[in-house]
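Below is one structure, written out as structure tokens; the observations come after it.
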Amino acid sequence: MSLVGALDPRFSKRIQQVFGLEAAPLTLDDLTFAISDKVAVGDIEVANLFAGSPTRHEVDFQGEVKHTHCALDALMLPFLTGRDITLRSECPHCGDVVAVKGTRSGFRPSRPKAVLSLGVALEGTGQAQREACPYINLFPSPRHYREWAAVTGGALTIMLSLKEAHRLLRGPGCC
């Protein structure tokens with residue numbers, strides 16, 4: 001399955017800068033290769049995914065409730081640790097909770113139309129937690145994402161289905 005479509009060049013450049021990628025991804029497939037490679041080779045430290053204080057993203061991980069900086073941090077955990085998770089994430093648009101059971105084989109959302117935003121701040125040189133995580137969220141539906149994106153300034157975002165988000169983390173050969 002190919003994830004069709006060219007990425008906005010500004011989005012690509014910012015993703016490259018914020019996530020320290022060798023090249024700016026031109027398509028979602030390029031981004032999938034880059035992100036899944038970082039996950040596969042261990043460039044991401046599990047401990048760095050957890051926030052020191054409560055966030056909108058609460059994850060049941062190994063029997064403990066923890067908070068992650070963004071929804072994608074929680075969704076990475078099955079790939080980095082081999083352990084299943086349950087994520088409860090508040091929609092930044094309306095506050096409704098979207099729950100996702102995450103495994104290496106797939107993501108099962110509580111809301112059938114749930115989507116993930118993937119985004120970055122237009123400017124800045126800080127860590128991904130500051131430059132990207134505020135724009136990486138779960139939404140109960142595409143409509144919620146679109147309404148949120150329309151009023152969220154200072155960022156470039158794209159919407160992914162949870163199947164696309166799973167593929168982004170697992171890699172292009174998965175499905």
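Residues are named by chain letter and number: chains run A, B, ... in the order of the structure tokens, numbers start at 1 in each chain, and ligands are numbered from 1 in the order shown.
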Practice task
Would you list the contacts of Ser117 of chain A as a list of chain:residue names, taking every protein, DNA or RNA residue within 10 Å and counting only C-alpha atoms, but skipping same-chain residues closer than 2 positions in sequence?
Solution key: A:Ala71, A:Leu72, A:Val115, A:Gly119, A:Val120, A:Cys133, A:Pro134, A:Tyr135, A:Ile136, A:Asn137, A:Leu138, A:Phe139, A:Pro142, A:Tyr145, A:Arg146, A:Trp148, A:Ala149, A:Leu156, A:Thr157, A:Ile158, A:Met159, A:Leu160, A:Ser161, A:Leu162, A:Ala165
Could those residues be written to a file, using C-alpha atoms, as a PDB file, in the first residue's frame?
```pdb
ATOM      1  CA  ALA A  71      -0.036  10.883  20.844  1.00  0.00           C
ATOM      2  CA  LEU A  72       2.679   9.598  18.518  1.00  0.00           C
ATOM      3  CA  VAL A 115      -7.473  10.446  13.034  1.00  0.00           C
ATOM      4  CA  GLY A 119       2.543  18.666  12.652  1.00  0.00           C
ATOM      5  CA  VAL A 120       5.370  21.029  13.440  1.00  0.00           C
ATOM      6  CA  CYS A 133       4.252  17.571  20.073  1.00  0.00           C
ATOM      7  CA  PRO A 134       1.658  20.347  20.509  1.00  0.00           C
ATOM      8  CA  TYR A 135       0.571  19.530  16.932  1.00  0.00           C
ATOM      9  CA  ILE A 136       0.541  15.718  17.187  1.00  0.00           C
ATOM     10  CA  ASN A 137      -2.866  14.769  18.560  1.00  0.00           C
ATOM     11  CA  LEU A 138      -5.751  12.359  18.219  1.00  0.00           C
ATOM     12  CA  PHE A 139      -9.161  13.536  17.064  1.00  0.00           C
ATOM     13  CA  PRO A 142     -11.602  14.291  10.419  1.00  0.00           C
ATOM     14  CA  TYR A 145      -9.090  17.818  12.967  1.00  0.00           C
ATOM     15  CA  ARG A 146     -10.061  20.218  10.177  1.00  0.00           C
ATOM     16  CA  TRP A 148      -8.803  22.555  14.950  1.00  0.00           C
ATOM     17  CA  ALA A 149      -6.292  22.998  12.109  1.00  0.00           C
ATOM     18  CA  LEU A 156       2.001  23.035   9.534  1.00  0.00           C
ATOM     19  CA  THR A 157      -0.070  19.879   9.993  1.00  0.00           C
ATOM     20  CA  ILE A 158      -1.347  16.891   8.063  1.00  0.00           C
ATOM     21  CA  MET A 159      -4.052  14.390   8.962  1.00  0.00           C
ATOM     22  CA  LEU A 160      -3.382  10.651   9.044  1.00  0.00           C
ATOM     23  CA  SER A 161      -5.776   7.767   9.522  1.00  0.00           C
ATOM     24  CA  LEU A 162      -4.709   5.452  12.327  1.00  0.00           C
ATOM     25  CA  ALA A 165      -0.064   6.269  11.533  1.00  0.00           C
TER      26      ALA A 165
END
```
Practice task
Using only C-alpha atoms, determine which residues lie at most 10 Å from Arg10 of chain A, disregarding the query and same-chain residues fewer than 5 positions distant; provide the list as a VMD selection string.
Solution key: chain A and resid 15 to 16 24 122 156
Grab the residues selected above and save them as a PDB file, in the first residue's frame with N, CA and C atoms.
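Saved result, result-v8.pdb, follows:
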```pdb
ATOM      1  N   ILE A  15       9.890  19.158   9.184  1.00  0.00           N
ATOM      2  CA  ILE A  15       9.972  17.789   9.721  1.00  0.00           C
ATOM      3  C   ILE A  15      11.439  17.346   9.738  1.00  0.00           C
ATOM      4  N   GLN A  16      12.163  17.639   8.668  1.00  0.00           N
ATOM      5  CA  GLN A  16      13.581  17.287   8.603  1.00  0.00           C
ATOM      6  C   GLN A  16      14.349  17.956   9.739  1.00  0.00           C
ATOM      7  N   ALA A  24      14.867  15.916   3.608  1.00  0.00           N
ATOM      8  CA  ALA A  24      13.473  16.319   3.757  1.00  0.00           C
ATOM      9  C   ALA A  24      12.595  15.308   3.018  1.00  0.00           C
ATOM     10  N   LEU A 122       5.861  26.354  12.714  1.00  0.00           N
ATOM     11  CA  LEU A 122       6.442  27.006  11.536  1.00  0.00           C
ATOM     12  C   LEU A 122       7.888  27.420  11.759  1.00  0.00           C
ATOM     13  N   LEU A 156       2.333  23.773  10.752  1.00  0.00           N
ATOM     14  CA  LEU A 156       2.001  23.035   9.534  1.00  0.00           C
ATOM     15  C   LEU A 156       1.587  21.645   9.978  1.00  0.00           C
TER      16      LEU A 156
END
```
Practice task
Work out how far atom CA of Gly171 of chain A is from atom CA of Thr32 of chain A, in Å to one decimal.
Solution key: 6.0 Å
Practice task
as a PyMOL selection string, please: all residues of segment 117-154 of chain A that backbone DSSP puts in strand (DSSP E).
Solution key: chain A and resi 117-121+138-139
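Nearest residue to Ala34 of chain A among A:Ser105, A:Thr125, A:Ser12, A:Thr68 is A:Ser12, counting only C-alpha atoms.
Take the candidates A:Ile44, A:Ala6, A:Ala51, A:Val151 and check each one against Arg130 of chain A using only C-alpha atoms; the shortest distance goes to A:Ala51.
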